[in-house]
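For reference, protein_15.pdb is printed below; it contains PDB, C-alpha atoms and all ligand atoms.
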```pdb
MODEL        1
ATOM      1  CA  MET A   1      28.757  12.479   9.908
ATOM      2  CA  PRO A   2      29.024  13.595  13.573
ATOM      3  CA  MET A   3      26.186  12.530  15.835
ATOM      4  CA  ALA A   4      23.710  15.287  16.663
ATOM      5  CA  ASP A   5      23.357  16.527  20.243
ATOM      6  CA  PHE A   6      20.364  15.952  22.451
ATOM      7  CA  VAL A   7      17.934  18.867  22.339
ATOM      8  CA  ARG A   8      15.545  19.662  25.183
ATOM      9  CA  VAL A   9      12.049  19.640  23.662
ATOM     10  CA  ALA A  10       9.621  19.608  26.607
ATOM     11  CA  ASP A  11       9.270  19.534  30.365
ATOM     12  CA  VAL A  12       8.284  16.125  31.692
ATOM     13  CA  ALA A  13       5.185  17.675  33.255
ATOM     14  CA  GLU A  14       3.948  18.932  29.889
ATOM     15  CA  LEU A  15       3.019  15.620  28.338
ATOM     16  CA  PRO A  16       0.327  13.403  29.900
ATOM     17  CA  ASP A  17       0.652   9.634  29.835
ATOM     18  CA  PRO A  18      -0.534   8.562  27.334
ATOM     19  CA  GLY A  19       0.071  11.658  25.292
ATOM     20  CA  LYS A  20       1.663  13.030  22.149
ATOM     21  CA  THR A  21       2.855  16.324  20.811
ATOM     22  CA  LEU A  22       4.758  17.824  17.943
ATOM     23  CA  VAL A  23       8.220  19.260  18.570
ATOM     24  CA  GLU A  24      11.013  20.671  16.461
ATOM     25  CA  VAL A  25      14.497  19.237  16.711
ATOM     26  CA  ASP A  26      17.302  20.790  14.676
ATOM     27  CA  GLY A  27      14.785  21.942  12.082
ATOM     28  CA  ASP A  28      13.011  18.583  11.766
ATOM     29  CA  MET A  29       9.438  18.052  12.934
ATOM     30  CA  VAL A  30       9.270  15.171  15.363
ATOM     31  CA  ALA A  31       6.288  13.414  16.938
ATOM     32  CA  LEU A  32       6.948  12.942  20.661
ATOM     33  CA  PHE A  33       5.016  10.331  22.635
ATOM     34  CA  HIS A  34       4.635   9.468  26.302
ATOM     35  CA  VAL A  35       3.293   5.958  26.865
ATOM     36  CA  GLY A  36       3.633   3.732  29.903
ATOM     37  CA  GLY A  37       6.071   6.081  31.585
ATOM     38  CA  THR A  38       8.455   6.134  28.620
ATOM     39  CA  TYR A  39       9.000   8.780  25.955
ATOM     40  CA  TYR A  40       9.438   7.992  22.260
ATOM     41  CA  ALA A  41      10.183  10.136  19.223
ATOM     42  CA  ILE A  42       9.694   9.442  15.522
ATOM     43  CA  ASP A  43       9.617  11.632  12.435
ATOM     44  CA  ASP A  44       6.320  13.429  11.963
ATOM     45  CA  VAL A  45       6.230  12.002   8.464
ATOM     46  CA  CYS A  46       4.243   9.021   7.249
ATOM     47  CA  THR A  47       6.332   7.152   4.721
ATOM     48  CA  HIS A  48       3.290   6.441   2.575
ATOM     49  CA  ASP A  49       2.608   9.978   1.435
ATOM     50  CA  GLY A  50       3.904  12.396   4.058
ATOM     51  CA  GLY A  51       0.955  12.403   6.468
ATOM     52  CA  PRO A  52       1.494  14.175   9.823
ATOM     53  CA  LEU A  53       1.825  11.335  12.331
ATOM     54  CA  ALA A  54       1.577  13.536  15.419
ATOM     55  CA  ASP A  55      -2.022  14.288  14.389
ATOM     56  CA  GLY A  56      -2.945  10.618  14.305
ATOM     57  CA  GLU A  57      -4.707   8.417  16.806
ATOM     58  CA  LEU A  58      -2.437   6.921  19.459
ATOM     59  CA  ARG A  59      -3.246   3.473  20.822
ATOM     60  CA  ASP A  60      -0.761   1.764  23.083
ATOM     61  CA  HIS A  61       2.480   1.941  21.126
ATOM     62  CA  LYS A  62       0.844   2.457  17.739
ATOM     63  CA  ILE A  63       0.132   5.699  15.938
ATOM     64  CA  ALA A  64      -2.280   5.730  12.978
ATOM     65  CA  CYS A  65      -1.600   8.152  10.150
ATOM     66  CA  PRO A  66      -4.582  10.529   9.935
ATOM     67  CA  ARG A  67      -4.555  10.490   6.151
ATOM     68  CA  HIS A  68      -4.978   6.871   5.095
ATOM     69  CA  GLY A  69      -4.611   4.925   8.297
ATOM     70  CA  ALA A  70      -1.168   3.326   8.086
ATOM     71  CA  LYS A  71       0.088   2.391  11.536
ATOM     72  CA  PHE A  72       3.582   2.817  12.913
ATOM     73  CA  ASP A  73       5.272   1.519  16.046
ATOM     74  CA  ILE A  74       6.259   4.591  18.049
ATOM     75  CA  ARG A  75       9.108   2.653  19.689
ATOM     76  CA  THR A  76      10.886   1.723  16.482
ATOM     77  CA  GLY A  77       9.263   3.641  13.640
ATOM     78  CA  ALA A  78       8.358   0.344  11.972
ATOM     79  CA  ALA A  79       5.489   0.411   9.483
ATOM     80  CA  LEU A  80       2.873  -1.974  10.837
ATOM     81  CA  SER A  81       0.162  -1.762   8.233
ATOM     82  CA  MET A  82      -0.584  -0.720   4.704
ATOM     83  CA  PRO A  83      -0.504   1.510   2.834
ATOM     84  CA  ALA A  84       2.856   2.432   4.411
ATOM     85  CA  VAL A  85       5.579  -0.104   3.824
ATOM     86  CA  ARG A  86       8.733   1.660   4.964
ATOM     87  CA  PRO A  87       9.687   2.599   8.526
ATOM     88  CA  THR A  88       9.828   6.203   9.567
ATOM     89  CA  ARG A  89      12.859   7.393  11.541
ATOM     90  CA  ALA A  90      12.907   6.723  15.261
ATOM     91  CA  HIS A  91      15.063   9.008  17.413
ATOM     92  CA  ASP A  92      16.916   8.762  20.719
ATOM     93  CA  VAL A  93      15.092  10.131  23.756
ATOM     94  CA  LYS A  94      16.241  10.712  27.320
ATOM     95  CA  VAL A  95      14.786  12.330  30.437
ATOM     96  CA  GLU A  96      17.123  14.610  32.352
ATOM     97  CA  ASP A  97      16.830  17.647  34.612
ATOM     98  CA  GLY A  98      13.040  17.503  34.469
ATOM     99  CA  GLY A  99      13.026  17.682  30.695
ATOM    100  CA  VAL A 100      12.591  15.421  27.700
ATOM    101  CA  TRP A 101      15.524  15.454  25.296
ATOM    102  CA  VAL A 102      15.612  14.163  21.722
ATOM    103  CA  ARG A 103      18.612  13.412  19.555
ATOM    104  CA  LEU A 104      17.984  12.963  15.825
ATOM    105  CA  ARG A 105      19.190   9.785  14.243
ATOM    106  CA  ALA A 106      20.337   9.897  10.671
ATOM    107  CA  ASP A 107      19.421   6.306   9.873
ATOM    108  CA  ALA A 108      16.014   4.941   8.984
ATOM    109  CA  GLY A 109      13.740   3.626  11.691
ATOM    110  CA  ALA A 110      15.061   0.772  13.759
ATOM    111  CA  GLY A 111      11.933  -1.178  13.025
ATOM    112  CA  GLY A 112      13.812  -3.753  11.059
ATOM    113  CA  PRO A 113      13.134  -4.450   7.447
ATOM    114  CA  PRO A 114      10.372  -2.651   5.636
ATOM    115  CA  LEU A 115       6.980  -4.270   5.567
ATOM    116  CA  HIS A 116       7.730  -5.511   2.112
ATOM    117  CA  GLY A 117      10.868  -6.591   0.397
ATOM    118  CA  ALA A 118      11.736  -6.516  -3.263
ATOM    119  CA  VAL A 119      11.047 -10.192  -3.572
ATOM    120  CA  ALA A 120      10.373 -11.866  -6.852
ATOM    121  CA  ALA A 121       6.727 -12.617  -7.328
ATOM    122  CA  PRO A 122       5.784 -16.222  -6.796
ATOM    123  CA  VAL A 123       5.064 -18.195  -9.903
ATOM    124  CA  VAL A 124       1.317 -18.450 -10.252
ATOM    125  CA  PRO A 125      -0.032 -21.203 -12.404
ATOM    126  CA  ILE A 126      -2.034 -19.996 -15.350
ATOM    127  CA  SER A 127      -5.705 -20.575 -14.824
ATOM    128  CA  THR A 128      -7.217 -23.190 -17.059
ATOM    129  CA  CYS A 129     -10.798 -22.109 -16.532
ATOM    130  CA  CYS A 130     -10.818 -20.251 -19.807
ATOM    131  CA  THR A 131     -10.766 -23.327 -21.946
ATOM    132  CA  PRO A 132     -13.997 -23.238 -23.930
ATOM    133  CA  ALA A 133     -15.514 -26.249 -22.148
ATOM    134  CA  ALA A 134     -14.563 -25.077 -18.673
ATOM    135  CA  SER A 135     -15.763 -21.594 -19.421
ATOM    136  CA  ARG A 136     -19.139 -22.838 -20.587
ATOM    137  CA  GLU A 137     -19.512 -25.059 -17.566
ATOM    138  CA  ALA A 138     -18.673 -22.131 -15.339
ATOM    139  CA  GLY A 139     -21.239 -19.989 -17.084
ATOM    140  CA  GLY A 140     -18.550 -17.988 -18.867
ATOM    141  CA  SER A 141     -19.209 -14.576 -20.297
ATOM    142  CA  PRO A 142     -21.407 -14.568 -23.367
ATOM    143  CA  ALA A 143     -19.118 -11.844 -24.624
ATOM    144  CA  GLU A 144     -16.158 -14.180 -25.087
ATOM    145  CA  SER A 145     -14.132 -13.832 -28.265
ATOM    146  CA  THR A 146     -11.755 -16.442 -29.516
ATOM    147  CA  GLY A 147      -8.184 -15.513 -30.226
ATOM    148  CA  PRO A 148      -4.817 -17.248 -30.448
ATOM    149  CA  GLY A 149      -4.701 -17.605 -26.651
ATOM    150  CA  GLY A 150      -8.189 -19.101 -26.404
ATOM    151  CA  PRO A 151     -11.442 -17.315 -25.744
ATOM    152  CA  LEU A 152     -11.156 -14.071 -23.883
ATOM    153  CA  CYS A 153     -12.852 -14.133 -20.502
ATOM    154  CA  GLU A 154     -12.543 -12.488 -17.103
ATOM    155  CA  ASP A 155     -10.034 -15.005 -15.807
ATOM    156  CA  ARG A 156      -7.752 -14.488 -18.772
ATOM    157  CA  VAL A 157      -7.920 -10.737 -18.283
ATOM    158  CA  ARG A 158      -7.034 -11.212 -14.613
ATOM    159  CA  GLU A 159      -4.011 -13.262 -15.634
ATOM    160  CA  MET A 160      -2.943 -10.389 -17.903
ATOM    161  CA  LEU A 161      -3.392  -7.989 -14.998
ATOM    162  CA  LYS A 162      -0.927  -9.978 -12.903
ATOM    163  CA  GLU A 163       1.781  -8.422 -15.056
ATOM    164  CA  VAL A 164       0.977  -5.073 -13.440
ATOM    165  CA  LYS A 165       2.777  -4.518 -10.177
ATOM    166  CA  ASP A 166       2.451  -1.818  -7.565
ATOM    167  CA  PRO A 167       5.748   0.098  -7.902
ATOM    168  CA  GLU A 168       6.106   0.464  -4.135
ATOM    169  CA  LEU A 169       5.070  -2.982  -3.015
ATOM    170  CA  PHE A 170       6.269  -5.076  -5.974
ATOM    171  CA  VAL A 171       3.093  -7.150  -5.758
ATOM    172  CA  ASN A 172       0.732  -7.538  -8.687
ATOM    173  CA  ILE A 173      -2.546  -5.659  -8.554
ATOM    174  CA  VAL A 174      -4.687  -8.796  -8.669
ATOM    175  CA  ASP A 175      -3.064 -10.357  -5.599
ATOM    176  CA  LEU A 176      -3.196  -6.983  -3.858
ATOM    177  CA  GLY A 177      -6.976  -7.104  -4.258
ATOM    178  CA  LEU A 178      -7.186  -3.920  -6.306
ATOM    179  CA  ILE A 179      -9.347  -5.428  -9.069
ATOM    180  CA  TYR A 180     -13.007  -5.251  -8.132
ATOM    181  CA  GLY A 181     -14.432  -6.341 -11.463
ATOM    182  CA  VAL A 182     -13.799  -7.124 -15.119
ATOM    183  CA  THR A 183     -16.539  -6.727 -17.704
ATOM    184  CA  LEU A 184     -16.252  -7.822 -21.311
ATOM    185  CA  SER A 185     -18.571  -6.667 -24.065
ATOM    186  CA  PRO A 186     -18.384  -6.950 -27.846
ATOM    187  CA  ALA A 187     -16.716  -3.916 -29.369
ATOM    188  CA  ALA A 188     -19.305  -1.993 -31.324
ATOM    189  CA  ASP A 189     -16.822  -0.665 -33.833
ATOM    190  CA  VAL A 190     -14.495  -3.657 -34.285
ATOM    191  CA  PRO A 191     -16.313  -6.950 -34.967
ATOM    192  CA  GLY A 192     -14.843  -9.944 -33.158
ATOM    193  CA  LYS A 193     -13.022  -7.863 -30.556
ATOM    194  CA  GLN A 194     -13.853  -7.057 -26.978
ATOM    195  CA  HIS A 195     -14.215  -3.882 -24.997
ATOM    196  CA  VAL A 196     -12.789  -4.518 -21.518
ATOM    197  CA  ALA A 197     -13.903  -2.432 -18.542
ATOM    198  CA  ILE A 198     -11.911  -2.867 -15.329
ATOM    199  CA  ASP A 199     -13.116  -1.666 -11.946
ATOM    200  CA  MET A 200      -9.996  -0.957  -9.956
ATOM    201  CA  THR A 201      -9.377   0.569  -6.558
ATOM    202  CA  MET A 202      -6.272   2.054  -4.937
ATOM    203  CA  THR A 203      -4.770   1.359  -1.540
ATOM    204  CA  SER A 204      -5.536   4.994  -0.688
ATOM    205  CA  PRO A 205      -7.399   7.879  -2.359
ATOM    206  CA  ALA A 206      -4.144   9.775  -2.866
ATOM    207  CA  CYS A 207      -2.111   6.789  -3.972
ATOM    208  CA  PRO A 208       0.891   8.320  -5.743
ATOM    209  CA  ALA A 209       1.231   5.254  -7.946
ATOM    210  CA  GLY A 210      -2.312   5.632  -9.318
ATOM    211  CA  PRO A 211      -1.542   7.126 -12.747
ATOM    212  CA  GLN A 212       1.170   4.552 -13.379
ATOM    213  CA  LEU A 213      -1.077   1.658 -12.346
ATOM    214  CA  ILE A 214      -3.830   2.848 -14.684
ATOM    215  CA  ALA A 215      -1.429   3.237 -17.596
ATOM    216  CA  ASP A 216       0.189  -0.161 -16.970
ATOM    217  CA  THR A 217      -3.242  -1.793 -16.707
ATOM    218  CA  LYS A 218      -4.330  -0.397 -20.056
ATOM    219  CA  ARG A 219      -1.066  -1.478 -21.619
ATOM    220  CA  ALA A 220      -1.152  -5.021 -20.221
ATOM    221  CA  VAL A 221      -4.692  -5.787 -21.347
ATOM    222  CA  GLY A 222      -4.685  -3.638 -24.475
ATOM    223  CA  ALA A 223      -1.754  -5.653 -25.841
ATOM    224  CA  SER A 224      -4.098  -8.586 -26.486
ATOM    225  CA  PRO A 225      -5.178  -8.770 -30.153
ATOM    226  CA  GLU A 226      -8.681  -9.677 -28.983
ATOM    227  CA  VAL A 227      -9.124  -6.362 -27.187
ATOM    228  CA  SER A 228     -10.308  -3.231 -28.954
ATOM    229  CA  ALA A 229     -10.265  -0.879 -25.955
ATOM    230  CA  VAL A 230      -9.586  -0.918 -22.224
ATOM    231  CA  GLU A 231     -11.504   1.263 -19.814
ATOM    232  CA  VAL A 232     -10.236   1.605 -16.234
ATOM    233  CA  ARG A 233     -12.806   2.813 -13.732
ATOM    234  CA  ILE A 234     -11.465   3.837 -10.347
ATOM    235  CA  VAL A 235     -13.717   2.715  -7.528
ATOM    236  CA  MET A 236     -13.092   3.876  -3.953
ATOM    237  CA  ASP A 237     -16.244   2.388  -2.415
ATOM    238  CA  PRO A 238     -15.886  -0.016  -0.789
ATOM    239  CA  PRO A 239     -12.430   1.148   0.213
ATOM    240  CA  TRP A 240      -9.486  -1.186  -0.129
ATOM    241  CA  THR A 241      -8.402  -2.954   3.037
ATOM    242  CA  PRO A 242      -5.437  -5.287   3.579
ATOM    243  CA  ASP A 243      -7.733  -8.282   3.989
ATOM    244  CA  ARG A 244      -8.439  -8.087   0.263
ATOM    245  CA  MET A 245      -4.937  -9.354  -0.436
ATOM    246  CA  THR A 246      -4.402 -12.963  -1.433
ATOM    247  CA  GLU A 247      -2.267 -15.266   0.649
ATOM    248  CA  ALA A 248       0.446 -14.995  -2.001
ATOM    249  CA  ALA A 249       0.537 -11.224  -1.543
ATOM    250  CA  ARG A 250       0.644 -11.559   2.244
ATOM    251  CA  ASP A 251       3.533 -13.997   2.008
ATOM    252  CA  GLN A 252       5.368 -11.636  -0.293
ATOM    253  CA  LEU A 253       4.856  -8.686   2.029
ATOM    254  CA  GLY A 254       5.676 -10.642   5.152
ATOM    255  CA  ILE A 255       2.227 -10.078   6.666
ATOM    256  CA  PHE A 256       0.820 -12.930   8.702
TER     257      PHE A 256
HETATM  258  S1  LIG B   1      -0.018   9.467   4.104
HETATM  259 FE1  LIG B   1      -0.043   8.163   5.805
HETATM  260  S2  LIG B   1      -1.193   6.470   5.225
HETATM  261 FE2  LIG B   1      -1.132   7.714   3.480
ENDMDL
END
```

Could you spell out this file's structure in structure tokens?
Amino acid sequence: MPMADFVRVADVAELPDPGKTLVEVDGDMVALFHVGGTYYAIDDVCTHDGGPLADGELRDHKIACPRHGAKFDIRTGAALSMPAVRPTRAHDVKVEDGGVWVRLRADAGAGGPPLHGAVAAPVVPISTCCTPAASREAGGSPAESTGPGGPLCEDRVREMLKEVKDPELFVNIVDLGLIYGVTLSPAADVPGKQHVAIDMTMTSPACPAGPQLIADTKRAVGASPEVSAVEVRIVMDPPWTPDRMTEAARDQLGIF
């Protein structure tokens, strides 16, 4: 594919330093930045869910998506924080004849690898706190029911939930910090079985993976013979933040 030509998008005097604006280049909307005497251009598209980056807050060389707060490096397009995990495209910029010129690049952002990689999940040892003795010592739920896998308790449900992975991040929802609570109560209609209510959040209110995560959660826990029904309650307050992730999730996503 032939390389696109540079297109003049602004006069150098138009954009303060620091400053940002939205320009059109060959039909694509591009966020143009002026920081520290240098101009930068990236797609006006947040890779999380299409948010308009040019409308975001600019700080140094970082732009925050106005929709859910993901940050991108304006120099490279690299995704710097959740919920975005993929770079947005960064474009070539030059200053000539008193103007700012942008040339679209066909490739993805030069910000290196995405924030996450499709890495196999680390092996997590199965918790042993659900043995009857340990559970009693720990003040286990009075609503425990005993099944072939031992008594059902919150920790066992959380282990089941580790089968459910965010389809974009490939990290399980427990290590991502999406599970706010698990409540077990005896099923009124099926003696000996448990009703399981799960308080779950999303990385953003408009998380496109939400319906799939809810369905997978119900499937993973509902498969247990000790469970009569699974209720998933979506909780957005307090909002999810990256510091809710476990160390295992951070390692997997390459966040330090
Ligand atoms: S659309 Fe940008 S963070 Fe969600």

(request) Considering all atoms listed in the file, state which residue in the set A:Ser204, A:Ala13, A:Asp155, A:Lys162 is at the smallest distance from Cys65 in chain A. (result)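 Of all the options, A:Ser204 lies closest to Cys65 in chain A.
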
Output check: residues returned by the PyMOL selection byres (((chain A and resi 167-183) around 6) and not hetatm), as a compact mmCIF listing (two decimals) with C-alpha atoms, in the coordinates of the input:
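Contents of the output file result32.txt:
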```txt
# COMPACT_ATOMS: atom_id res chain seq x y z
CA GLU A 154 -12.54 -12.49 -17.10
CA LYS A 162 -0.93 -9.98 -12.90
CA VAL A 164 0.98 -5.07 -13.44
CA LYS A 165 2.78 -4.52 -10.18
CA ASP A 166 2.45 -1.82 -7.56
CA LEU A 184 -16.25 -7.82 -21.31
CA VAL A 196 -12.79 -4.52 -21.52
CA ALA A 197 -13.90 -2.43 -18.54
CA ILE A 198 -11.91 -2.87 -15.33
CA ASP A 199 -13.12 -1.67 -11.95
CA MET A 200 -10.00 -0.96 -9.96
CA THR A 201 -9.38 0.57 -6.56
CA ARG A 244 -8.44 -8.09 0.26
CA MET A 245 -4.94 -9.35 -0.44
CA THR A 246 -4.40 -12.96 -1.43
CA ALA A 249 0.54 -11.22 -1.54
```

(message) I'd like the residues picked by the PyMOL selection byres (((not hetatm)) within 9 of (chain B and resi 1)) written out as a list in words, using the chain letters and numbers from the file.
(response) Val45, Cys46, Thr47, His48, Asp49, Gly50, Gly51, Pro52, Leu53, Ala64, Cys65, Pro66, Arg67, His68, Gly69, Ala70, Lys71, Ser81, Met82, Pro83, Ala84, Thr203, Ser204, Pro205, Ala206 and Cys207 of chain A

(message) Please expand the PyMOL selection byres (((chain A and resi 211-214) around 8) and not hetatm) into the concrete residues it hits in this file, giving the result as a PyMOL selection string.
(response) chain A and resi 164-166+208-210+215-218+232

Could those residues be written to a file, using C-alpha atoms, as a compact mmCIF listing (two decimals), in the frame of the given file?
```
# COMPACT_ATOMS: atom_id res chain seq x y z
CA VAL A 164 0.98 -5.07 -13.44
CA LYS A 165 2.78 -4.52 -10.18
CA ASP A 166 2.45 -1.82 -7.56
CA PRO A 208 0.89 8.32 -5.74
CA ALA A 209 1.23 5.25 -7.95
CA GLY A 210 -2.31 5.63 -9.32
CA ALA A 215 -1.43 3.24 -17.60
CA ASP A 216 0.19 -0.16 -16.97
CA THR A 217 -3.24 -1.79 -16.71
CA LYS A 218 -4.33 -0.40 -20.06
CA VAL A 232 -10.24 1.60 -16.23
```

(message) Nearest residue to Met3 in chain A out of A:Asp44, A:Glu226, A:Asp92, A:Glu159, using all atoms listed in the file?
(response) A:Asp92

(message) Quick check, in Å to one decimal: how far apart do CA of Lys62 in chain A and CA of Arg75 in chain A lie?
(response)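 If I compute the distance from CA of Lys62 in chain A to CA of Arg75 in chain A, I get 8.5 Å.
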
Provide an axis-aligned box for all listed atoms of range 192-204 of chain A, padding each side by 3 Å; report its centre and its edge lengths in Å to one decimal, as AutoDock Vina command-line options.
```
--center_x -9.8 --center_y -2.5 --center_z -16.9 --size_x 16.1 --size_y 20.9 --size_z 38.5
```

(message) Between A:Leu152, A:Leu22, A:Val35, A:Ala223, which residue has the minimum interatomic distance to Ala10 in chain A, considering all atoms listed in the file?
(response) A:Leu22

(request) With a distance cut-off of 10 Å and only C-alpha atoms, select the neighbouring residues of Lys94 in chain A, excluding the residue or stretch itself and same-chain residues fewer than 5 positions from it, and output the selection as a list of chain:residue names. (result)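 Counting only C-alpha atoms, the residues come to A:Phe6, A:Val7, A:Arg8, A:Thr38, A:Tyr39, A:Tyr40, A:Gly99, A:Val100, A:Trp101, A:Val102, A:Arg103.
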
(request) For CA of Thr241 in chain A and CA of Thr88 in chain A, determine how far apart the two atoms are, in Å to one decimal place. (result)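 Distance reported for this atom pair: 21.4 Å.
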
(message) Can you pull out the residues contacting Phe72 in chain A? Cut-off 6 Å, using all atoms listed in the file, and skip same-chain residues under 3 positions away; I want them as a PyMOL selection string.
(response) chain A and resi 62-63+77-80

(message) Residues proximal to (11.9, 16.9, 10.5) were defined as those with any atom within 7 Å of that point in the file's coordinates, counting only C-alpha atoms. Which are they, as a ChimeraX atom specification?
(response) /A:27-30,43-44

(request) Work out how far apart CA of Leu32 in chain A and CA of Gly98 in chain A are and give it in Å to one decimal. (result) 15.8 Å
